[in-house]
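Peer 1: A single structure is presented below for examination.
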Amino acid sequence: MPDPEAAADPWHAVTGELGDLRGRIADTYRRVADDHGPSEDEIKQAFATLAGAWDQVAESVSTALRDPDVREKLKSAASSFANALGATITELGSELVTREDPGEEE
C-alpha cells in the first residue's frame, strides 16, 4: 500500500530511492572489494553516516520549501536563472548569425 505521506512529499521518494541505491552500491562493493579494502563494519559505518547526512539534507530542504518566503525566493531565483539563460542563448545566436553573415568581412 503506498505511503500517503510519501506521495505528498516527493523528497520522501527521493530519500527512498537513494536508500535503495545505497544498498545496491554496498552490495556491489562487497562483491568487488579485495582483502585490502575496508572491513564490512567500516563500510556499514560510512554508509550509515552518509544516510544520516542525506536524511538531514532532505528534511531541511523539504522543511525550507514549505516556507512561503523560501518558495518565493526559489521562484525568483529560477526566474533569474531562466532570464540569464535566455539572454545567453540570444547572445550566442546573435554571434553565430554575425559570423555567418556573408556581407561581413573577417
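Identifiers for the C-alpha cells are assigned positionally: chains receive A, B, ... in sequence, residues are indexed from 1 per chain, and ligands are indexed from 1 in the order shown.
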Can you tell me, as a ChimeraX atom specification, what residues are no more than 12 Å from Lys44 (chain A) when counting only C-alpha atoms, ignoring any on the same chain fewer than 2 positions away?
Peer 2: /A:22-23,25-27,29-30,38-42,46-51
Peer 1: Just want the 10 Å neighbourhood of region 55-57 of chain A, counted on only C-alpha atoms, with same-chain residues fewer than 2 positions away dropped. Output as JSON, numbers by chain.
Peer 2: {"A": [11, 12, 15, 16, 19, 49, 50, 51, 52, 53, 59, 60, 61, 62, 63]}
Peer 1: Could those residues be written to a file, using C-alpha atoms, as a PDB file, in the first residue's frame?
Peer 2:
ATOM      1  CA  TRP A  11      11.556  14.259  -1.055  1.00  0.00           C
ATOM      2  CA  HIS A  12      10.466  11.089   0.731  1.00  0.00           C
ATOM      3  CA  THR A  15      15.234   9.528   0.034  1.00  0.00           C
ATOM      4  CA  GLY A  16      13.765   6.060  -0.539  1.00  0.00           C
ATOM      5  CA  GLY A  19      18.433   4.412   0.116  1.00  0.00           C
ATOM      6  CA  THR A  49      26.961   8.343   8.119  1.00  0.00           C
ATOM      7  CA  LEU A  50      26.055   9.167   4.519  1.00  0.00           C
ATOM      8  CA  ALA A  51      22.464   8.054   5.016  1.00  0.00           C
ATOM      9  CA  GLY A  52      22.133  10.172   8.154  1.00  0.00           C
ATOM     10  CA  ALA A  53      23.577  13.195   6.384  1.00  0.00           C
ATOM     11  CA  GLU A  59      14.460  17.014   5.705  1.00  0.00           C
ATOM     12  CA  SER A  60      15.987  20.511   5.720  1.00  0.00           C
ATOM     13  CA  VAL A  61      15.151  21.112   2.064  1.00  0.00           C
ATOM     14  CA  SER A  62      11.643  19.736   2.497  1.00  0.00           C
ATOM     15  CA  THR A  63      11.041  21.931   5.558  1.00  0.00           C
TER      16      THR A  63
END
Peer 1: Could you give me, as a VMD selection string, each residue of chain A that DSSP assigns to helix (DSSP H, G or I) when run on this structure's backbone?
Peer 2: chain A and resid 4 to 8 10 to 32 40 to 66 68 to 100
Peer 1: Between CA of Ala33 (chain A) and CA of Gln45 (chain A), measure the distance and give it in Å to one decimal.
Peer 2: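 Atom-to-atom, CA of Ala33 (chain A) and CA of Gln45 (chain A) are spaced 16.2 Å apart.
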Peer 1: For each of A:Ser80, A:Ala58, A:Glu72, A:Gly86, take the minimum atom-to-atom distance to Pro10 (chain A), counting only C-alpha atoms, then give the residue where this is smallest.
Peer 2: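 Among the listed residues, the smallest separation from Pro10 (chain A) belongs to A:Ala58.
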Peer 1: Would you work out the distance separating CA of Trp54 (chain A) from CA of Ala13 (chain A), expressed in Å to one decimal?
Peer 2: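 The value is 12.8 Å.
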Peer 1: Using only C-alpha atoms, which of the listed residues (A:Leu21, A:Leu65, A:Ala78, A:Ile43) sits closest to Asp9 (chain A)?
Peer 2: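 Ranking A:Leu21, A:Leu65, A:Ala78, A:Ile43 by distance to Asp9 (chain A), first place goes to A:Leu65.
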Peer 1: Go ahead and compute the interatomic distance for CA of Arg71 (chain A) and CA of Asn83 (chain A), in Å to one decimal.
Peer 2: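 Atom-to-atom, CA of Arg71 (chain A) to CA of Asn83 (chain A), that is 18.2 Å.
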